[in-house]
Each structure stands twice: as C-alpha cells, then as structure tokens.
file data_29.txt (compact mmCIF, C-alpha atoms)
# COMPACT_ATOMS: atom_id res chain seq x y z
CA MET S 130 41.35 20.24 48.89
CA LYS S 131 39.11 22.59 50.83
CA LEU S 132 37.84 25.84 49.33
CA GLU S 133 35.54 28.31 51.08
CA HIS S 134 33.38 30.68 49.03
CA ARG S 135 32.60 33.42 51.56
CA LYS S 136 29.77 35.42 50.02
CA ILE S 137 29.19 39.07 50.91
CA ASN S 138 25.73 39.99 49.65
CA ILE S 139 25.81 43.31 47.81
CA LYS S 140 22.47 45.11 47.49
CA ASP S 141 23.62 48.13 45.47
CA ILE S 142 26.63 49.60 43.71
CA GLN S 143 27.44 53.32 43.65
CA PHE S 144 30.33 55.61 42.83
CA GLY S 145 32.09 57.08 45.86
CA GLU S 146 35.29 58.64 47.16
CA LYS S 147 36.66 55.27 48.26
CA THR S 148 36.35 51.73 46.92
CA GLU S 149 34.75 49.92 49.85
CA VAL S 150 31.76 47.97 51.10
CA VAL S 151 29.52 49.73 53.62
CA SER S 152 26.31 48.14 54.93
CA GLY S 153 25.94 45.92 51.89
CA VAL S 154 26.62 48.69 49.36
CA LEU S 155 29.69 48.56 47.11
CA PHE S 156 31.16 52.04 46.59
CA VAL S 157 33.63 52.39 43.72
CA ASN S 158 36.10 55.22 43.17
CA LYS S 159 36.14 55.07 39.40
CA GLU S 160 39.15 57.39 39.10
CA GLU S 161 41.20 54.86 41.09
CA VAL S 162 40.08 52.02 38.83
CA ILE S 163 40.86 54.02 35.70
CA ALA S 164 44.30 54.97 37.04
CA GLU S 165 45.02 51.32 37.87
CA LEU S 166 44.09 50.15 34.37
CA LYS S 167 45.95 52.95 32.58
CA THR S 168 49.23 51.74 34.06
CA ASP S 169 49.09 49.53 30.96
CA ALA S 170 50.58 51.75 28.26
CA LYS S 171 48.53 49.91 25.61
CA ILE S 172 45.30 51.33 27.05
CA LYS S 173 44.37 54.71 25.58
CA ASP S 174 41.26 55.39 27.62
CA VAL S 175 38.83 53.78 30.08
CA LYS S 176 35.19 54.63 30.80
CA ILE S 177 33.33 53.20 33.79
CA ASP S 178 29.58 53.01 34.29
CA ILE S 179 27.06 51.17 36.46
CA ALA S 180 24.13 49.09 35.21
CA ARG S 181 21.54 47.77 37.66
CA PRO S 182 18.78 45.17 37.16
CA GLY S 183 15.59 46.72 35.81
CA GLU S 184 17.23 49.81 34.34
CA LYS S 185 16.60 50.34 30.62
CA VAL S 186 20.31 49.94 29.87
CA ARG S 187 21.90 48.04 26.98
CA ILE S 188 25.54 46.93 27.22
CA ILE S 189 27.21 46.18 23.87
CA PRO S 190 29.61 44.71 22.70
CA VAL S 191 30.47 42.72 25.83
CA LYS S 192 33.86 41.00 25.97
CA ASP S 193 33.74 39.14 29.30
CA VAL S 194 32.02 39.03 32.68
CA ILE S 195 34.08 38.47 35.85
CA GLU S 196 33.11 38.08 39.51
CA PRO S 197 35.13 40.34 41.89
CA ARG S 198 36.83 38.34 44.65
CA VAL S 199 39.79 38.46 47.02
CA LYS S 200 41.78 35.60 48.51
CA ILE S 201 42.03 35.79 52.31
CA GLY S 202 45.35 35.31 54.07
CA VAL S 203 47.54 35.76 51.00
CA ASP S 204 48.86 38.90 49.34
CA GLU S 205 48.12 37.61 45.85
CA GLY S 206 46.03 34.80 44.52
CA GLN S 207 43.43 35.96 42.03
CA PHE S 208 43.83 34.29 38.64
CA PRO S 209 47.16 32.52 39.36
CA GLY S 210 49.54 32.41 36.43
CA VAL S 211 47.77 35.41 34.91
CA LEU S 212 47.56 38.27 37.44
CA SER S 213 49.53 36.69 40.26
CA LYS S 214 52.46 34.34 40.55
CA LEU S 215 51.75 30.74 39.71
CA THR S 216 50.36 29.10 42.83
CA GLN S 217 48.03 26.20 43.42
CA ALA S 218 44.39 27.30 43.19
CA GLY S 219 41.56 25.52 44.92
CA GLU S 220 42.36 25.87 48.60
CA GLY S 221 41.76 28.51 51.26
CA LYS S 222 39.20 31.24 51.79
CA VAL S 223 37.83 33.56 49.12
CA ASN S 224 35.67 36.60 49.88
CA ILE S 225 33.19 37.20 47.05
CA LEU S 226 31.21 40.35 46.28
CA ASN S 227 28.06 38.33 45.68
CA GLY S 228 25.69 39.83 43.13
CA VAL S 229 28.33 42.05 41.50
CA ALA S 230 29.92 41.53 38.08
CA VAL S 231 32.61 43.37 36.16
CA VAL S 232 31.49 43.57 32.53
CA THR S 233 34.12 44.55 29.97
CA VAL S 234 33.04 46.39 26.85
CA GLY S 235 34.90 47.55 23.79
CA ASP S 236 35.69 46.79 20.18
CA ILE S 237 37.74 43.63 19.78
CA VAL S 238 38.88 42.66 16.27
CA GLY S 239 36.86 41.19 13.45
CA PHE S 240 33.51 40.01 14.74
CA GLN S 241 32.44 41.39 18.10
CA GLU S 242 30.98 39.75 21.19
CA GLY S 243 27.51 40.08 22.73
CA VAL S 244 24.76 42.14 24.30
CA ILE S 245 23.33 42.36 27.84
CA ASP S 246 19.99 44.08 28.39
CA MET S 247 19.17 44.92 31.99
CA TRP S 248 15.39 44.98 31.49
CA GLY S 249 12.56 43.62 29.35
CA GLU S 250 12.77 40.92 26.70
CA GLY S 251 16.57 40.89 26.59
CA ALA S 252 16.86 40.48 30.36
CA LYS S 253 14.90 37.20 30.11
CA TRP S 254 17.70 35.60 28.12
CA THR S 255 20.88 36.56 29.97
CA PRO S 256 21.79 35.73 33.59
CA PHE S 257 23.79 38.97 33.79
CA SER S 258 20.66 41.11 33.76
CA LYS S 259 20.33 40.11 37.43
CA THR S 260 23.79 41.20 38.58
CA LEU S 261 24.91 44.68 39.67
CA ASN S 262 27.27 45.42 36.80
CA LEU S 263 30.34 47.62 36.84
CA VAL S 264 30.79 48.25 33.12
CA VAL S 265 34.40 48.87 32.12
CA HIS S 266 34.81 50.23 28.58
CA ILE S 267 38.37 49.64 27.35
CA ILE S 268 39.81 51.69 24.48
CA PRO S 269 43.27 50.41 23.47
CA ILE S 270 45.82 52.52 21.61
CA GLU S 271 45.71 52.44 17.83
CA GLY S 272 47.81 50.05 15.78
CA LEU S 273 47.86 46.99 18.02
CA GLU S 274 47.98 43.68 16.22
CA PRO S 275 44.85 41.56 16.84
CA HIS S 276 46.26 39.22 19.51
CA ALA S 277 47.71 42.13 21.49
CA HIS S 278 44.41 44.02 21.22
CA GLU S 279 42.46 41.04 22.57
CA ASN S 280 44.96 40.50 25.37
CA VAL S 281 44.73 44.14 26.52
CA VAL S 282 40.96 43.99 26.89
CA ARG S 283 40.97 40.56 28.54
CA MET S 284 43.62 41.51 31.08
CA ALA S 285 41.93 44.84 31.87
CA GLY S 286 38.76 42.98 32.87
CA LEU S 287 40.61 40.62 35.17
CA ARG S 288 42.58 43.47 36.74
CA SER S 289 39.35 45.46 37.30
CA ALA S 290 37.71 42.53 39.07
CA ALA S 291 40.75 41.89 41.26
CA PHE S 292 40.99 45.58 42.18
CA ILE S 293 37.29 45.84 43.07
CA GLY S 294 37.38 42.51 44.88
CA LYS S 295 39.80 43.83 47.48
CA ALA S 296 36.95 45.94 48.88
CA GLY S 297 35.60 42.76 50.44
CA LYS S 298 38.82 41.66 52.13
CA ASP S 299 37.88 42.63 55.69
CA ILE S 300 34.11 42.13 55.43
CA GLU S 301 32.42 39.28 57.26
CA PRO S 302 30.52 37.07 54.81
CA ASP S 303 26.75 36.59 54.87
CA LYS S 304 27.08 32.98 53.73
CA THR S 305 29.88 30.46 53.32
CA GLU S 306 29.87 27.58 50.84
CA VAL S 307 32.49 24.87 51.41
CA TYR S 308 33.83 22.68 48.59
CA GLU S 309 35.99 19.83 49.81
CA THR S 310 37.06 16.37 48.69
CA GLY S 311 40.01 14.16 49.49
CA THR S 312 42.13 12.15 47.08
CA MET S 313 40.39 9.83 44.62
CA THR S 314 41.58 6.85 46.66
CA GLU S 315 40.10 8.33 49.83
CA GLU S 316 36.77 9.22 48.22
CA ILE S 317 36.40 5.79 46.58
CA ALA S 318 37.12 4.14 49.92
CA LYS S 319 34.53 6.36 51.63
CA TYR S 320 31.79 5.69 49.08
CA PRO S 321 32.51 2.25 47.58
CA ASP S 322 28.90 1.66 46.52
CA LEU S 323 28.29 5.00 44.79
CA PRO S 324 28.82 5.45 41.02
CA LYS S 325 32.08 7.24 40.22
CA VAL S 326 31.40 10.31 38.06
CA LEU S 327 33.78 12.57 36.13
CA TYR S 328 32.95 15.88 34.49
CA VAL S 329 34.53 16.57 31.09
CA GLU S 330 34.46 20.29 30.28
CA MET S 331 35.27 21.15 26.68
CA LEU S 332 36.97 24.52 26.07
CA ILE S 333 37.11 26.47 22.82
CA SER S 334 40.75 26.25 21.65
CA GLN S 335 40.74 27.48 18.09
CA GLY S 336 42.88 30.59 17.82
CA LEU S 337 42.23 34.32 18.10
CA LEU S 338 38.95 35.05 19.93
CA HIS S 339 38.39 31.30 20.42
CA ASP S 340 40.57 30.37 23.41
CA GLY S 341 40.30 29.45 27.06
CA TYR S 342 43.18 29.70 29.53
CA ILE S 343 44.23 27.37 32.36
CA TYR S 344 46.67 28.90 34.86
CA GLY S 345 47.52 31.35 32.05
CA VAL S 346 48.25 28.63 29.47
CA ASN S 347 46.30 28.82 26.22
CA SER S 348 44.19 25.66 26.03
CA GLN S 349 45.40 25.12 22.44
CA GLN S 350 48.72 24.09 23.95
CA ILE S 351 47.51 21.38 26.32
CA LEU S 352 46.40 17.78 26.20
CA PRO S 353 43.22 17.00 28.13
CA THR S 354 44.04 17.76 31.77
CA LEU S 355 42.70 16.33 35.02
CA LEU S 356 41.82 19.10 37.50
CA HIS S 357 40.33 19.23 40.96
CA PRO S 358 37.00 21.09 40.59
CA ASN S 359 38.10 23.59 43.25
CA GLU S 360 40.80 24.89 40.93
CA GLU S 361 38.28 26.20 38.41
CA LEU S 362 36.02 27.48 41.19
CA ASP S 363 39.07 29.42 42.44
CA GLY S 364 40.02 31.22 39.22
CA ALA S 365 42.38 28.80 37.48
CA VAL S 366 40.29 28.87 34.28
CA ILE S 367 39.43 32.08 32.44
CA SER S 368 37.70 32.96 29.19
CA GLY S 369 39.38 34.35 26.12
CA ASN S 370 36.56 33.27 23.86
CA CYS S 371 34.51 35.70 21.80
CA VAL S 372 32.27 35.63 18.72
CA ALA S 373 29.31 33.38 19.75
CA ALA S 374 28.08 35.18 22.86
CA CYS S 375 25.19 32.82 23.58
CA ASP S 376 27.29 29.82 24.58
CA LYS S 377 30.69 31.22 25.45
CA ILE S 378 31.62 30.40 29.03
CA THR S 379 32.50 33.72 30.62
CA THR S 380 35.08 33.89 33.39
CA TYR S 381 32.21 34.52 35.85
CA GLN S 382 30.60 31.24 34.78
CA HIS S 383 33.88 29.36 35.16
CA GLN S 384 34.18 30.80 38.68
CA ASN S 385 30.67 29.50 39.46
CA ASN S 386 30.42 26.44 37.20
CA PRO S 387 26.97 25.00 38.01
CA VAL S 388 27.77 21.49 36.76
CA MET S 389 30.55 21.27 39.35
CA LYS S 390 28.36 22.74 42.08
CA ASP S 391 25.52 20.32 41.29
CA LEU S 392 27.90 17.35 41.34
CA TYR S 393 29.29 18.56 44.66
CA ALA S 394 25.74 18.72 46.06
CA LYS S 395 25.22 15.06 45.15
CA HIS S 396 28.70 13.91 46.21
CA GLY S 397 28.58 11.25 48.89
CA LYS S 398 24.80 10.94 48.52
CA GLU S 399 23.92 9.86 44.99
CA LEU S 400 27.36 9.73 43.38
CA ASN S 401 31.10 10.01 43.93
CA PHE S 402 32.41 13.13 42.16
CA LEU S 403 35.97 12.26 41.13
CA GLY S 404 37.05 15.45 39.37
CA VAL S 405 37.18 17.39 36.11
CA VAL S 406 38.87 16.81 32.77
CA LEU S 407 39.45 20.01 30.76
CA THR S 408 39.48 19.12 27.07
CA PRO S 409 40.56 21.49 24.27
CA GLU S 410 38.42 21.79 21.14
CA LEU S 411 40.84 21.92 18.22
CA THR S 412 40.18 22.57 14.54
CA THR S 413 42.17 19.79 12.86
CA LEU S 414 40.96 16.22 12.52
CA ALA S 415 44.23 14.90 13.97
CA GLY S 416 43.85 17.27 16.93
CA LYS S 417 40.29 16.14 17.54
CA ILE S 418 41.23 12.45 17.43
CA ARG S 419 44.15 13.02 19.80
CA THR S 420 42.17 14.99 22.40
CA CYS S 421 39.11 12.75 22.26
CA ASP S 422 41.22 9.57 22.59
CA TYR S 423 43.14 11.14 25.48
CA THR S 424 39.95 12.28 27.21
CA ALA S 425 38.45 8.79 27.04
CA LYS S 426 41.71 7.29 28.29
CA LEU S 427 41.74 9.55 31.38
CA CYS S 428 38.14 8.67 32.16
CA LYS S 429 38.90 4.95 31.91
CA MET S 430 42.12 5.23 33.92
CA VAL S 431 40.38 6.71 36.94
CA GLY S 432 37.62 4.12 36.74
CA ALA S 433 34.67 6.41 35.97
CA ASP S 434 31.27 4.74 35.81
CA GLY S 435 29.62 7.83 34.35
CA VAL S 436 30.73 11.04 32.66
CA ILE S 437 29.01 14.37 32.03
CA VAL S 438 30.41 16.22 29.00
CA SER S 439 29.69 19.91 28.36
CA GLU S 440 30.52 21.62 25.09
CA GLU S 441 31.59 25.21 24.38
CA GLY S 442 30.43 26.58 21.05
CA TYR S 443 28.76 24.67 18.24
CA GLU S 444 29.24 23.40 14.68
CA ASN S 445 32.74 21.84 14.46
CA PRO S 446 32.99 21.28 18.28
CA ASP S 447 29.89 19.11 17.91
CA THR S 448 32.20 16.53 16.36
CA ASP S 449 34.47 16.52 19.43
CA LEU S 450 31.42 16.14 21.66
CA LEU S 451 30.10 13.11 19.76
CA MET S 452 33.55 11.54 19.37
CA ILE S 453 34.08 11.65 23.13
CA CYS S 454 30.60 10.25 23.69
CA LYS S 455 31.16 7.32 21.31
CA ARG S 456 34.51 6.42 22.89
CA LEU S 457 33.10 6.49 26.41
CA GLU S 458 29.90 4.60 25.65
CA ASP S 459 31.85 1.96 23.69
CA SER S 460 33.98 1.53 26.83
CA GLY S 461 30.90 0.90 28.94
CA ILE S 462 30.92 4.35 30.58
CA LYS S 463 27.48 5.95 30.68
CA THR S 464 27.67 9.43 29.19
CA VAL S 465 25.46 12.52 29.39
CA LEU S 466 26.04 15.42 26.98
CA ILE S 467 25.23 19.10 27.55
CA THR S 468 25.11 21.18 24.38
CA ASP S 469 22.89 23.68 22.60
CA GLU S 470 21.29 23.61 19.18
CA CYS S 471 21.81 25.49 15.93
CA SER S 472 18.53 24.37 14.46
CA GLY S 473 17.41 27.39 12.44
CA ARG S 474 14.99 30.14 13.35
CA ASP S 475 12.06 27.77 12.98
CA GLY S 476 13.80 25.06 15.01
CA MET S 477 13.39 22.55 12.19
CA SER S 478 17.00 22.15 11.01
CA GLN S 479 19.44 19.48 12.22
CA SER S 480 20.31 20.46 15.79
CA LEU S 481 23.97 19.38 15.81
CA ALA S 482 26.55 19.28 13.05
CA ASP S 483 27.32 15.64 13.85
CA THR S 484 25.43 12.64 15.20
CA ALA S 485 26.18 9.35 16.92
CA LYS S 486 23.83 6.53 17.89
CA GLU S 487 25.66 6.34 21.25
CA ALA S 488 24.35 9.80 22.23
CA VAL S 489 21.28 8.63 24.08
CA ALA S 490 21.30 11.20 26.91
CA VAL S 491 21.56 14.78 25.67
CA VAL S 492 20.63 17.99 27.50
CA SER S 493 19.91 21.05 25.34
CA GLY S 494 20.61 24.62 26.43
CA GLY S 495 18.34 26.04 23.73
CA ASN S 496 18.39 27.08 20.07
CA VAL S 497 21.06 29.67 19.24
CA SER S 498 19.12 30.69 16.11
CA HIS S 499 15.94 31.69 17.96
CA LEU S 500 15.00 35.19 16.82
CA VAL S 501 14.24 37.94 19.33
CA THR S 502 13.44 41.65 19.13
CA LEU S 503 14.88 43.75 21.94
CA PRO S 504 13.14 47.12 22.53
CA PRO S 505 14.92 50.49 22.48
CA ALA S 506 17.09 51.30 25.50
CA ASP S 507 17.21 54.59 27.36
CA VAL S 508 20.97 54.23 27.86
CA ILE S 509 23.58 52.53 25.67
CA LEU S 510 26.87 51.55 27.29
CA GLY S 511 29.27 50.88 24.44
CA ASN S 512 28.35 51.04 20.77
CA VAL S 513 24.93 49.80 19.68
CA GLU S 514 26.02 49.71 16.02
CA ALA S 515 28.28 46.78 16.93
CA ILE S 516 25.19 44.58 16.58
CA SER S 517 25.95 44.33 12.85
CA THR S 518 29.22 42.51 13.64
CA LEU S 519 27.93 40.29 16.43
CA ALA S 520 27.35 36.63 15.67
CA GLY S 521 23.56 36.55 15.48
CA GLY S 522 23.35 40.11 14.20
CA TRP S 523 23.59 41.56 10.69
CA GLU S 524 23.42 44.81 8.76
CA GLY S 525 19.91 45.98 9.53
CA SER S 526 19.66 44.40 12.99
CA LEU S 527 19.56 47.90 14.47
CA LEU S 528 16.05 49.10 13.63
CA GLU S 529 15.05 52.71 13.09
CA ASP S 530 13.41 53.04 16.51
CA GLY S 531 16.52 51.76 18.30
CA SER S 532 15.26 48.20 18.73
CA LEU S 533 17.55 45.26 18.00
CA MET S 534 16.44 42.26 15.98
CA CYS S 535 18.90 39.42 16.44
CA GLU S 536 19.32 35.74 17.15
CA LEU S 537 20.04 34.46 20.66
CA ASN S 538 23.57 33.99 19.31
CA ALA S 539 24.13 37.66 20.15
CA VAL S 540 22.98 37.53 23.80
CA ILE S 541 25.61 36.76 26.44
CA GLY S 542 24.96 33.42 28.13
CA ALA S 543 21.58 32.83 26.45
CA THR S 544 22.16 29.14 25.68
CA SER S 545 24.94 28.32 28.16
CA GLU S 546 26.22 24.78 27.72
CA ILE S 547 27.14 24.50 31.39
CA GLY S 548 23.61 25.47 32.38
CA TYR S 549 24.36 28.96 33.69
CA HIS S 550 21.42 30.64 31.98
CA ASN S 551 17.67 31.19 32.12
CA CYS S 552 16.35 28.77 29.48
CA THR S 553 14.12 25.87 30.46
CA THR S 554 13.06 22.81 28.52
CA LYS S 555 9.64 21.35 27.82
CA LEU S 556 9.24 17.67 27.05
CA TYR S 557 6.46 16.64 24.69

call {"tool": "encode", "arguments": {"input": "data_29.txt", "output": "structure tokens"}}
result
Amino acid sequence: MKLEHRKINIKDIQFGEKTEVVSGVLFVNKEEVIAELKTDAKIKDVKIDIARPGEKVRIIPVKDVIEPRVKIGVDEGQFPGVLSKLTQAGEGKVNILNGVAVVTVGDIVGFQEGVIDMWGEGAKWTPFSKTLNLVVHIIPIEGLEPHAHENVVRMAGLRSAAFIGKAGKDIEPDKTEVYETGTMTEEIAKYPDLPKVLYVEMLISQGLLHDGYIYGVNSQQILPTLLHPNEELDGAVISGNCVAACDKITTYQHQNNPVMKDLYAKHGKELNFLGVVLTPELTTLAGKIRTCDYTAKLCKMVGADGVIVSEEGYENPDTDLLMICKRLEDSGIKTVLITDECSGRDGMSQSLADTAKEAVAVVSGGNVSHLVTLPPADVILGNVEAISTLAGGWEGSLLEDGSLMCELNAVIGATSEIGYHNCTTKLY
C-alpha cells in the first residue's frame, strides 16, 4: 500500500464568504457549514467559532478533535464505512489542511468530556492548543436516547471536517509524506536481518461513551484485527470514546498516530514494521481472555520478534495490557508497553491497576491525577460549568474568579498513551 499525506500549511483561519484556502489562510463560510450539519433533523442548532493559539480562550466540554482532509481523485473517501461508502482505506493521495482541527463541543450524556485551553498553563498540557481550531458546538433536539445523542454529535464532527477539508482539494501541498510497504512476505524478504515488529493498539470498547470504530464497526463487535498502518492513517479508525479526556485517542490522533509514524521512520533501517493489530478492551473477564489470547496468537502467527502495545484508558484496561504483555513475553516476543498512570495527586499510589513481572519495558504518558489550576479565560466556547461533570473535575472545580482546578484527567490529550501529547519524562 502507498499513501501520500499532502500537507497544506495553514497559517490562519478566518470567516469569509466562501470556504476556501487563499495564500495559506483557511476561510470558512460558517453559514454553509451550519446548513450542511442541520440537514440532520436530530440537530436543533449549531454554533461555530474560531480559537487560535495564544488567545485566552477555553473550549469545554470537548467531544472530539478531527483533522480536515480530502481524498484526491475520488468523489468520496473520508471515513469509509461512516461518511462514505465502504472502500479500502490506506492508498492514494490525501490533501490535509495542516495545522487546522475541527473541535466538537456540546453536552453529551452523563459525564462529559474535556477541556482545551489555548493559552497559559492549560495550553502546556494539550497538543490542541497549538492547532487553529474551528469549534463546532452541536445542540441536538430534546428527547434523544443516549446512544442517538452521542451519535449525532460524533457524526456532526466528522461531517464538519470532511466539508472543511474539501477547501484543500485543488491546492498544491507544501510537503508530502509517503507511507508505503509491500506485503509481509515482501518486506521480510527485503529485510531478513531486521527484527520484525508489530504494533498492538488497544481501543476502548466498553459501551456508551467508551467505543472506537473501525470502518464504522463498533470495536465491541470485533475480534483483534490485523490492519495495514495506512488504513488508520487514512481515516479507517475514529473515536467514539468520552469520559477520560486525558488519554482518549481523538480521531485527529488516530489520523496521525505517532507510534505508526515512528515505526515507519525506522522501517528498513532498524526494524521491519509488519503492521498493526487493533485490540478491543472489553469489560468481562471472558472477553478479556478471548481478546488477549487472540492478540498474542496473531503476533505469533506473523512471526513478530517484538511488539509495542499502547493502551487507551486506565484501571480495568490495565488488566488487558498486562495480560497481553505476559502472553507475548512468555512466547519469547519482546514487548514494550505504552500507558499512563493513575497514581494519585501526590504520585505515590500504585500506578496501574494490575501488575506482571513480565512488564519490564514500560513507557509512561504521565499521571492522570496530577492537579492543575487553569487561570480565568477571556472567552468561553461551550459551557464552563461542565467542569463539574468532567472526569478529573468535581463540584467546586470552577472557582469564584473563573479559574478551573482539576486533574489532568479533564484535559484533552494530556497523558496520551500513543504519545501524541506534550509530557516528557525524567529518569532518576
């Protein structure tokens, strides 16, 4: 498969009479976007705003973040099986509005999602303080049952990104990144002396507000699945996960998965990148045993010498992470884990909910319980009182002066378990 990410560098985003890119500026006709989204009869109202890096703007509660793109040479193609007919992702040319993100905002159901600050202390913790954000506030009609409500907001974000992405269709890119590998047989023949490495990506698969989607299929309904990395980098995997904002993998992060990109960079040099196994994280013990056994079987079948495993979420998914690790290490496959820690505000509690002596190589994305105070914003996009129903927030998190006191749990992407975040690690 050969996939080209053709990046059009966007230096500013403004509202205009036409949705287009002119001299590196993205102009958006917000009335057109609103009209497009309101073709869904379940949407009552839509508000659209812009948030730029450095502005004293707070976005809350965030549902998802999506990168606007357009597939070149085909009429459809964004998010196959979801927005477009089911076609094979991972091949062809994709024009990307580089530096732009569509951020969806709005009440979900039950607990809410997360916060993005575009400046100051909060901006340090989220990668989406550095993107030019088109903030799309979705207000569904009253009376929707919870799953329908979640679906409306999720689909509106994807549709917004696809609509905006078309502005880059006829623009020449500033940079092109090529992702290409042959069949496993071909790659093994080309690099017989390099270690064969698989990437196992765990996806939240635990019901309402805890689901990922692969070609439109809820990950609860799949066994661990072998994918070409280009498929995820081309929109085959999207986020439906909410609740713990710090380590949810947004759709934007799936589209730009840094583990895959780093493995690609080392492919044919230090290692032989064989592919990706998407593994659901289920809630039952039988489900965990089945998926972890199946994951290890796939890794052994393709002859992996080493495996990188990334988690999504924490607490009960920690068990899946360690179960996979134990099975692989016991099979002689060297395993590296990427997770984060829920180790209390002082960092002194047990980091993971489970342990295994086989877990000898573990990368931490940070402590979800770390406490931060975010100063008052000049502009609130959304509803700042939602902090009380964010994971990591509580009644009283919104202080009298407009500051927020919360755990990193509440900040989108703060402790990303695929490494798409701003945290660093010190070794002592």

call {"tool": "closest_residue", "arguments": {"input": "data_29.txt", "among": "S:Val151, S:Leu503, S:Ile195, S:Leu352", "to": "Asn385 of chain S", "atoms": "all atoms listed in the file"}}
result
S:Ile195

call {"tool": "atom_distance", "arguments": {"input": "data_29.txt", "atom1": "atom CA of Asn496 of chain S", "atom2": "atom CA of Ile245 of chain S"}}
result
17.8 Å

call {"tool": "closest_residue", "arguments": {"input": "data_29.txt", "among": "S:Gly153, S:Gly251, S:Gly369, S:Gly235", "to": "Cys535 of chain S", "atoms": "only C-alpha atoms"}}
result
S:Gly251

call {"tool": "atom_distance", "arguments": {"input": "data_29.txt", "atom1": "atom CA of Ile201 of chain S", "atom2": "atom CA of Thr216 of chain S"}}
result
14.3 Å

call {"tool": "residues_around", "arguments": {"input": "data_29.txt", "residues": "Gly432 of chain S", "least_positions_apart": "4", "cutoff": "9 Å", "atoms": "only C-alpha atoms", "output": "VMD selection string"}}
result
chain S and resid 325 to 326 427 to 428

call {"tool": "closest_residue", "arguments": {"input": "data_29.txt", "among": "S:Thr424, S:Gln207, S:Gln335, S:Gln143", "to": "Val366 of chain S", "atoms": "all atoms listed in the file"}}
result
S:Gln207

call {"tool": "closest_residue", "arguments": {"input": "data_29.txt", "among": "S:Pro269, S:Pro197, S:Gly511, S:Gly210", "to": "Arg288 of chain S", "atoms": "all atoms listed in the file"}}
result
S:Pro197

call {"tool": "residues_near_point", "arguments": {"input": "data_29.txt", "point": "(15.7, 42.4, 24.0)", "cutoff": "8 Å", "atoms": "only C-alpha atoms", "output": "PDB file with C-alpha atoms, in the frame of the given file"}}
result
ATOM      1  CA  ASP S 246      19.990  44.080  28.390  1.00  0.00           C
ATOM      2  CA  TRP S 248      15.390  44.980  31.490  1.00  0.00           C
ATOM      3  CA  GLY S 249      12.560  43.620  29.350  1.00  0.00           C
ATOM      4  CA  GLU S 250      12.770  40.920  26.700  1.00  0.00           C
ATOM      5  CA  GLY S 251      16.570  40.890  26.590  1.00  0.00           C
ATOM      6  CA  ALA S 252      16.860  40.480  30.360  1.00  0.00           C
ATOM      7  CA  VAL S 501      14.240  37.940  19.330  1.00  0.00           C
ATOM      8  CA  THR S 502      13.440  41.650  19.130  1.00  0.00           C
ATOM      9  CA  LEU S 503      14.880  43.750  21.940  1.00  0.00           C
ATOM     10  CA  PRO S 504      13.140  47.120  22.530  1.00  0.00           C
ATOM     11  CA  SER S 532      15.260  48.200  18.730  1.00  0.00           C
ATOM     12  CA  LEU S 533      17.550  45.260  18.000  1.00  0.00           C
TER      13      LEU S 533
END

call {"tool": "atom_distance", "arguments": {"input": "data_29.txt", "atom1": "atom CA of Phe292 of chain S", "atom2": "atom CA of Gln350 of chain S"}}
result
29.2 Å

call {"tool": "decode", "arguments": {"input": "data_29.txt", "residues": "segment 400-405 of chain S", "atoms": "all heavy atoms", "output": "compact mmCIF listing (two decimals), in the first residue's frame"}}
result
# COMPACT_ATOMS: atom_id res chain seq x y z
N LEU S 400 14.39 -1.72 12.00
CA LEU S 400 13.39 -2.75 12.23
C LEU S 400 12.57 -2.96 10.97
O LEU S 400 12.64 -2.17 10.01
CB LEU S 400 12.51 -2.38 13.43
CG LEU S 400 11.83 -1.00 13.41
CD1 LEU S 400 10.53 -1.01 12.61
CD2 LEU S 400 11.56 -0.52 14.82
N ASN S 401 11.75 -4.00 11.01
CA ASN S 401 10.83 -4.32 9.91
C ASN S 401 9.41 -4.20 10.46
O ASN S 401 8.95 -5.05 11.23
CB ASN S 401 11.09 -5.75 9.40
CG ASN S 401 10.35 -6.05 8.11
OD1 ASN S 401 9.43 -5.35 7.73
ND2 ASN S 401 10.77 -7.11 7.44
N PHE S 402 8.74 -3.11 10.11
CA PHE S 402 7.39 -2.82 10.63
C PHE S 402 6.36 -3.64 9.86
O PHE S 402 6.07 -3.38 8.70
CB PHE S 402 7.13 -1.31 10.48
CG PHE S 402 5.80 -0.84 11.01
CD1 PHE S 402 5.10 -1.54 11.97
CD2 PHE S 402 5.27 0.36 10.56
CE1 PHE S 402 3.88 -1.08 12.46
CE2 PHE S 402 4.06 0.84 11.03
CZ PHE S 402 3.37 0.11 11.98
N LEU S 403 5.80 -4.66 10.53
CA LEU S 403 4.92 -5.61 9.86
C LEU S 403 3.47 -5.14 9.76
O LEU S 403 2.76 -5.52 8.84
CB LEU S 403 4.95 -6.96 10.59
CG LEU S 403 6.28 -7.72 10.57
CD1 LEU S 403 6.09 -9.06 11.27
CD2 LEU S 403 6.79 -7.92 9.16
N GLY S 404 3.00 -4.34 10.72
CA GLY S 404 1.60 -3.93 10.68
C GLY S 404 1.05 -3.65 12.06
O GLY S 404 1.80 -3.52 13.04
N VAL S 405 -0.27 -3.55 12.13
CA VAL S 405 -0.98 -3.13 13.34
C VAL S 405 -2.06 -4.14 13.69
O VAL S 405 -2.79 -4.61 12.81
CB VAL S 405 -1.64 -1.75 13.13
CG1 VAL S 405 -2.34 -1.29 14.40
CG2 VAL S 405 -0.61 -0.73 12.67
